[in-house]
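Asks: So that we are looking at the same thing, I have put the structure below in structure tokens.
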Amino acid sequence: MITVNIYYKGSDGAARIFAEDMVANGVVDRIRKEPGNIRYEYFFPMDDPETVLLIDSWKDQSAIDRHHASPMMGEIMKLRQKYDLHMKVDRFISDDGIPESDQAFITK
């Protein structure tokens, strides 16, 4: 699994409005239905009202490549431009799970 954290940053609440627009226009629902999508969720950092975090997880690189080639990417890019958003991206590749040594620190 590949997880991409995208930090959208704007001004005057633009990043939050962008995320709301993505949901209202149905883009988020369509992305979640794409083959290979595992997670697509927005979060709002408590200490930075001008940033929105997208956690976006995919089965593999092929699924990401298909997503990037889809017409939805054009919609997303237009909305990014509309709201003048800037991005910081972190990418993670999952390992085989949580080690037993870490399990003691997780409340279930």
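The way I read the labels, and the way they are meant: chains A, B, ... in the order of the structure tokens, residue 1 as the first residue of every chain, and ligand 1 as the first ligand shown, with later ones counted on from there.
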Report as a PyMOL selection string all protein, DNA and RNA residues lying within 12 Å of Gln81 of chain A, evaluated on only C-alpha atoms, omitting residues in the same chain fewer than 4 positions from it.
Replies: chain A and resi 8-10+14-15+18+74-77+85-87
Asks: Write the residues of the selection above to a file with C-alpha atoms, as a PDB file, in the first residue's frame.
Replies:
```
ATOM      1  CA  TYR A   8      -2.955  21.939   0.905  1.00  0.00           C
ATOM      2  CA  LYS A   9      -2.193  25.476   2.023  1.00  0.00           C
ATOM      3  CA  GLY A  10      -4.057  28.605   1.020  1.00  0.00           C
ATOM      4  CA  ALA A  14      -9.334  28.579   0.709  1.00  0.00           C
ATOM      5  CA  ALA A  15      -7.961  25.111   1.538  1.00  0.00           C
ATOM      6  CA  PHE A  18     -11.456  23.477  -1.670  1.00  0.00           C
ATOM      7  CA  GLY A  74      -8.241  17.772 -14.434  1.00  0.00           C
ATOM      8  CA  GLU A  75     -11.123  18.693 -12.135  1.00  0.00           C
ATOM      9  CA  ILE A  76      -8.868  18.575  -9.088  1.00  0.00           C
ATOM     10  CA  MET A  77      -6.197  20.708 -10.745  1.00  0.00           C
ATOM     11  CA  LEU A  85      -3.426  26.298  -3.216  1.00  0.00           C
ATOM     12  CA  HIS A  86       0.151  25.247  -2.609  1.00  0.00           C
ATOM     13  CA  MET A  87       1.105  21.717  -1.689  1.00  0.00           C
TER      14      MET A  87
END
```
Asks: Would you give me, as number ranges by chain, the residues in chain A that DSSP reads as strand (DSSP E)?
Replies: A: 2-9, 37-43, 51-58, 86-93
Asks: For Asn37 of chain A, please output as a list in words all residues within 12 Å (counting only C-alpha atoms; exclusion window: fewer than 6 positions along the same chain).
Replies: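 Listed by chain and then number, they are Met1, Ile2, Thr3, Val4, Val28, Asp29, Arg30, Ile31, Ile55, Asp56, Ser57, Trp58, Lys59, Asp60, Gln61, Ser62, Ala63, Ile64, Asp65, Arg66 and His67 of chain A.
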Asks: Using DSSP on the backbone coordinates, identify the residues of chain A assigned to alpha helix (DSSP H); present them as a CSV table (one decimal) with C-alpha atoms, in the first residue's frame.
Replies:
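Output saved as selection-v8.csv:
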```
chain,number,residue,atom,x,y,z
A,14,ALA,CA,-9.3,28.6,0.7
A,15,ALA,CA,-8.0,25.1,1.5
A,16,ARG,CA,-11.0,24.2,3.6
A,17,ILE,CA,-13.4,25.6,0.9
A,18,PHE,CA,-11.5,23.5,-1.7
A,19,ALA,CA,-12.0,20.3,0.4
A,20,GLU,CA,-15.7,21.2,0.8
A,21,ASP,CA,-16.0,21.8,-2.9
A,22,MET,CA,-14.4,18.4,-3.7
A,23,VAL,CA,-17.0,16.7,-1.5
A,24,ALA,CA,-19.9,18.7,-2.7
A,27,VAL,CA,-15.2,14.2,-6.8
A,28,VAL,CA,-14.3,12.6,-3.4
A,29,ASP,CA,-16.9,9.9,-3.8
A,30,ARG,CA,-15.7,9.1,-7.3
A,31,ILE,CA,-12.1,8.8,-6.2
A,32,ARG,CA,-13.1,6.5,-3.4
A,61,GLN,CA,1.7,2.5,-8.0
A,62,SER,CA,-0.4,1.3,-10.9
A,63,ALA,CA,-3.6,2.4,-9.1
A,64,ILE,CA,-2.1,5.8,-8.5
A,65,ASP,CA,-1.0,6.1,-12.1
A,66,ARG,CA,-4.5,5.2,-13.3
A,67,HIS,CA,-5.9,7.9,-11.0
A,68,HIS,CA,-3.5,10.5,-12.3
A,71,PRO,CA,-10.4,13.0,-16.0
A,72,MET,CA,-10.9,13.7,-12.3
A,73,MET,CA,-7.3,14.9,-12.1
A,74,GLY,CA,-8.2,17.8,-14.4
A,75,GLU,CA,-11.1,18.7,-12.1
A,76,ILE,CA,-8.9,18.6,-9.1
A,77,MET,CA,-6.2,20.7,-10.7
A,78,LYS,CA,-8.8,23.3,-11.8
A,79,LEU,CA,-10.0,23.6,-8.2
A,80,ARG,CA,-6.5,23.8,-6.9
A,81,GLN,CA,-5.9,26.7,-9.2
A,82,LYS,CA,-9.2,28.3,-8.4
A,100,GLU,CA,4.7,-6.7,18.4
A,101,SER,CA,7.0,-4.3,20.3
A,102,ASP,CA,4.8,-1.4,19.4
A,103,GLN,CA,1.5,-3.2,20.1
```
Asks: Taking into account only C-alpha atoms, which residue in the set A:Lys108, A:Asp12, A:Asn25, A:Asn5 is nearest to Asp90 of chain A?
Replies: A:Asn5
Asks: Hey, which of A:Ile106, A:Gly26, A:Glu50, A:Glu41 ends up closest to Gly13 of chain A? Count only C-alpha atoms.
Replies: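 Under the stated criterion, the closest residue is A:Glu50.
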Asks: So how many Å separate atom CA of Tyr83 of chain A and atom CA of Ser11 of chain A, to one decimal?
Replies: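 Answer for the atom CA of Tyr83 of chain A to atom CA of Ser11 of chain A separation: 8.6 Å.
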Asks: May I ask which of the residues A:Ala104, A:Tyr40, A:Lys88, A:Lys33 is the closest one to Leu54 of chain A, counting only C-alpha atoms?
Replies: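 Counting only C-alpha atoms, the residue closest to Leu54 of chain A is A:Tyr40.
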